[in-house]
Amino acid sequence: MPDYEKDRLRFAISPAHAKLSIVFDKSISSSLSHFLRHIEACNSARLPGNRFPFFCAQEQIGWISPEIADCLEASGLKGQTGFGVASGQELFPLSQRLAEQGVYASHDEPFDVRNALGIVVGQVDRGAIPVLGIAAEGVHLNGLIEDPSGPMLWIARRSMSKRLDPGKLDHLVAGGMSAGLDPLTTVIKEAKEEAGIPETLARHAKAVSRLQYAMERPEGLRRDVLHCYDLLLPQDFTPIAEDGEVESFHLLPLTEVFARVRDTDDFKFNVNLVLIDLFIRRGLFTPGENLILQNALTRKTS
């Protein structure tokens with residue numbers, strides 16, 4: 001089994017995931033601490049904390065808050081060891097009922113729910129994923145141009161109509177992995193919809209890393225796996241916002257993006273993780289800094 005599949009298994013069911021706590025000792029520079037704070041912010045969840053396990057049949061697939069537990073108990077979904085449904089076929093109807101009860105606003109977009117082995121056991125509405133504390137997957141694409149003056153990166157500004165983090169800076173292409181899709185298919189789909197990148201070009205995207213985090217958010221518990229890609233674009237490429245989710249695009253020197261991640265909170269929360277990973281691969285940190293950041297990204301303590 002590939003290391004990533006082992007990591008996904010642990011991430012899917014582990015009750016021992018602890019909040020990342022980074023000690024800013026004297027060996028960590030002030031500049032590096034500015035990057036580490038983004039990683040710590042995305043690992044704010046402590047599991048189980050006060051949450052209850054959520055099951056599909058006999059397999060745990062999520063974690064729910066006491067408030068959601070009350071809703072599920074009222075629907076007769078409380079068991080001896082937690083809460084849940086008897087089969088995967090009940091998951092999507094449950095997510096619909098929760099939306100009808102006003103627990104969350106429906107996205108009208110089904111997402112696959114996977115068990116610890118990565119097998120799809122059912123679907124839920126996208127908006128129910130953090131409500132039920134289910135692990136979700138998405139893609140992020142670094143749209144790069146190799147300019148004679150240095151590497152450049154296409155950045156998007158999210159539309160003010162977006163439900164999540166409106167107006168924040170984002171990747172050229174990013175999105176959740178809808179039901180039935182794999183990471184590369186999602187990249188191709190989102191690249192066309194969000195930036196007008198043709199499939200013939202998007203297929204050259206290179207898978208470079210996978211990142212994961214567990215974060216407390218207003219919408220609930222986000223347990224996300226991010227499939228990260230790099231795509232080298234022609235110098236004459238200009239993105240086109242085709243789905244209305246992007247307000248504007250900006251081509252910036254990678255060094256400027258580095259400074260904005262270091263000094264501001266301009267980027268959507270999880271975009272910072274993918275950019276830090278890019279900065280590591282592009283040699284913008286020292287070897288010692290690389291080790292600290294990589295350990296933090298993977299939640300290693302040493």
# chains A, B, ... in the order shown; residues from 1 in each chain; ligands from 1
call {"tool": "residues_around", "arguments": {"residues": "Lys162 of chain A", "least_positions_apart": "3", "cutoff": "10 Å", "atoms": "only C-alpha atoms", "output": "MDAnalysis selection string"}}
result
chainID A and resid 158:159 165:168 244:246
call {"tool": "closest_atom_pairs", "arguments": {"of": "segment 102-184 of chain A", "to": "segment 205-229 of chain A", "cutoff": "6 Å", "atoms": "only C-alpha atoms", "output": "Markdown table"}}
result
| residue | atom | partner | partner_atom | distance |
| --- | --- | --- | --- | --- |
| A:Pro130 | CA | A:Leu221 | CA | 4.6 |
| A:Val131 | CA | A:Gly220 | CA | 5.1 |
| A:Gly133 | CA | A:Leu221 | CA | 5.1 |
| A:Ala135 | CA | A:Arg223 | CA | 4.7 |
| A:Ala136 | CA | A:Asp224 | CA | 4.9 |
| A:Glu137 | CA | A:Val225 | CA | 4.7 |
| A:Gly138 | CA | A:Leu226 | CA | 5.1 |
| A:Val139 | CA | A:His227 | CA | 4.7 |
| A:His140 | CA | A:Cys228 | CA | 5.0 |
| A:Leu141 | CA | A:Tyr229 | CA | 4.7 |
call {"tool": "write_last_selection", "arguments": {"atoms": "C-alpha atoms", "output": "PDB file, in the first residue's frame"}}
result
ATOM      1  CA  PRO A 130     -18.089  19.520   7.845  1.00  0.00           C
ATOM      2  CA  VAL A 131     -21.381  19.068   9.711  1.00  0.00           C
ATOM      3  CA  GLY A 133     -16.980  15.666  10.227  1.00  0.00           C
ATOM      4  CA  ALA A 135     -12.996  13.519   5.424  1.00  0.00           C
ATOM      5  CA  ALA A 136     -13.163  15.239   2.023  1.00  0.00           C
ATOM      6  CA  GLU A 137     -10.763  15.593  -0.888  1.00  0.00           C
ATOM      7  CA  GLY A 138      -9.977  18.459  -3.218  1.00  0.00           C
ATOM      8  CA  VAL A 139      -7.397  19.740  -5.687  1.00  0.00           C
ATOM      9  CA  HIS A 140      -5.165  22.815  -5.813  1.00  0.00           C
ATOM     10  CA  LEU A 141      -3.228  23.823  -8.909  1.00  0.00           C
TER      11      LEU A 141
END
call {"tool": "residues_around", "arguments": {"residues": "Ser178 of chain A", "least_positions_apart": "4", "cutoff": "8 Å", "atoms": "only C-alpha atoms", "output": "MDAnalysis selection string"}}
result
chainID A and resid 109:112 186
call {"tool": "residues_around", "arguments": {"residues": "segment 253-261 of chain A", "least_positions_apart": "2", "cutoff": "8 Å", "atoms": "only C-alpha atoms", "output": "JSON, numbers by chain"}}
result
{"A": [35, 150, 151, 152, 153, 251, 263, 264, 265, 266, 267, 272, 275, 279]}
call {"tool": "atom_distance", "arguments": {"atom1": "atom CA of Ile292 of chain A", "atom2": "atom CA of Arg46 of chain A"}}
result
21.3 Å
call {"tool": "closest_residue", "arguments": {"among": "A:Val274, A:Val124, A:Ala195, A:Val187", "to": "Trp154 of chain A", "atoms": "only C-alpha atoms"}}
result
A:Ala195
call {"tool": "residues_around", "arguments": {"residues": "segment 85-93 of chain A", "least_positions_apart": "5", "cutoff": "9 Å", "atoms": "only C-alpha atoms", "output": "PyMOL selection string"}}
result
chain A and resi 54-58+77-78+98+110+113+120-125
call {"tool": "write_last_selection", "arguments": {"atoms": "N, CA and C atoms", "output": "short mmCIF file (atom, residue, chain, number, x, y, z; two decimals), in the first residue's frame"}}
result
data_model
loop_
_atom_site.label_atom_id
_atom_site.label_comp_id
_atom_site.auth_asym_id
_atom_site.auth_seq_id
_atom_site.Cartn_x
_atom_site.Cartn_y
_atom_site.Cartn_z
N PHE A 54 -19.25 9.15 14.24
CA PHE A 54 -20.35 8.99 13.31
C PHE A 54 -20.04 7.81 12.41
N PHE A 55 -20.98 6.85 12.31
CA PHE A 55 -20.75 5.59 11.62
C PHE A 55 -21.62 5.45 10.38
N CYS A 56 -21.10 4.69 9.43
CA CYS A 56 -21.90 4.14 8.33
C CYS A 56 -21.77 2.64 8.48
N ALA A 57 -22.88 1.97 8.79
CA ALA A 57 -22.86 0.56 9.17
C ALA A 57 -21.93 0.43 10.38
N GLN A 58 -20.89 -0.38 10.30
CA GLN A 58 -19.99 -0.57 11.43
C GLN A 58 -18.70 0.22 11.31
N LEU A 77 -31.08 8.01 15.31
CA LEU A 77 -29.81 7.53 14.77
C LEU A 77 -28.73 7.39 15.84
N LYS A 78 -29.13 7.27 17.08
CA LYS A 78 -28.17 7.05 18.16
C LYS A 78 -27.99 5.56 18.39
N LEU A 98 -30.97 17.18 6.97
CA LEU A 98 -30.28 18.18 7.78
C LEU A 98 -30.37 19.56 7.13
N PRO A 110 -23.30 16.44 -4.78
CA PRO A 110 -22.93 15.25 -4.01
C PRO A 110 -21.42 15.02 -3.99
N VAL A 113 -18.33 9.63 -0.05
CA VAL A 113 -17.88 9.32 1.30
C VAL A 113 -17.11 8.01 1.22
N VAL A 120 -15.66 3.90 -1.74
CA VAL A 120 -16.83 4.77 -1.65
C VAL A 120 -17.99 3.97 -1.04
N VAL A 121 -18.54 4.50 0.05
CA VAL A 121 -19.66 3.82 0.72
C VAL A 121 -20.98 4.56 0.52
N GLY A 122 -20.92 5.77 -0.01
CA GLY A 122 -22.13 6.55 -0.24
C GLY A 122 -21.78 7.98 -0.60
N GLN A 123 -22.79 8.83 -0.63
CA GLN A 123 -22.59 10.24 -0.92
C GLN A 123 -23.35 11.10 0.09
N VAL A 124 -22.87 12.34 0.25
CA VAL A 124 -23.59 13.35 1.01
C VAL A 124 -23.53 14.65 0.23
N ASP A 125 -24.44 15.56 0.53
CA ASP A 125 -24.34 16.89 -0.03
C ASP A 125 -23.06 17.54 0.48
#
call {"tool": "select_by_dssp", "arguments": {"residues": "segment 146-193 of chain A", "states": "helix (DSSP H, G or I)", "output": "compact mmCIF listing (two decimals) with N, CA and C atoms, in the first residue's frame"}}
result
# COMPACT_ATOMS: atom_id res chain seq x y z
N PRO A 183 -8.70 12.82 -8.72
CA PRO A 183 -8.02 14.12 -8.65
C PRO A 183 -7.72 14.76 -10.02
N LEU A 184 -7.15 13.99 -10.95
CA LEU A 184 -6.79 14.59 -12.24
C LEU A 184 -8.03 15.02 -13.01
N THR A 185 -9.07 14.20 -12.98
CA THR A 185 -10.31 14.59 -13.65
C THR A 185 -10.87 15.87 -13.05
N THR A 186 -10.75 16.01 -11.73
CA THR A 186 -11.21 17.23 -11.06
C THR A 186 -10.38 18.43 -11.50
N VAL A 187 -9.06 18.25 -11.62
CA VAL A 187 -8.20 19.33 -12.09
C VAL A 187 -8.63 19.78 -13.48
N ILE A 188 -8.84 18.84 -14.37
CA ILE A 188 -9.24 19.17 -15.74
C ILE A 188 -10.58 19.91 -15.76
N LYS A 189 -11.52 19.40 -14.98
CA LYS A 189 -12.85 20.03 -14.92
C LYS A 189 -12.77 21.45 -14.36
N GLU A 190 -12.09 21.60 -13.21
CA GLU A 190 -12.01 22.91 -12.57
C GLU A 190 -11.17 23.88 -13.38
N ALA A 191 -10.14 23.38 -14.05
CA ALA A 191 -9.28 24.25 -14.86
C ALA A 191 -10.09 24.91 -15.98
N LYS A 192 -10.97 24.14 -16.60
CA LYS A 192 -11.80 24.69 -17.67
C LYS A 192 -12.82 25.68 -17.10
N GLU A 193 -13.49 25.28 -16.01
CA GLU A 193 -14.57 26.10 -15.46
C GLU A 193 -14.06 27.38 -14.81
call {"tool": "select_by_dssp", "arguments": {"residues": "segment 20-241 of chain A", "states": "strand (DSSP E or B)", "output": "PyMOL selection string"}}
result
chain A and resi 52-56+59-64+78+83-85+110-114+120-125+135-147+150-158+169-171+173-176+206-217+220-232
call {"tool": "atom_distance", "arguments": {"atom1": "atom CA of Asp108 of chain A", "atom2": "atom CA of Gly62 of chain A"}}
result
20.5 Å
call {"tool": "closest_residue", "arguments": {"among": "A:Ser65, A:Gln60, A:Asn270, A:Gln96", "to": "Arg37 of chain A", "atoms": "only C-alpha atoms"}}
result
A:Asn270
call {"tool": "atom_distance", "arguments": {"atom1": "atom CA of Asp147 of chain A", "atom2": "atom CA of Pro234 of chain A"}}
result
9.7 Å
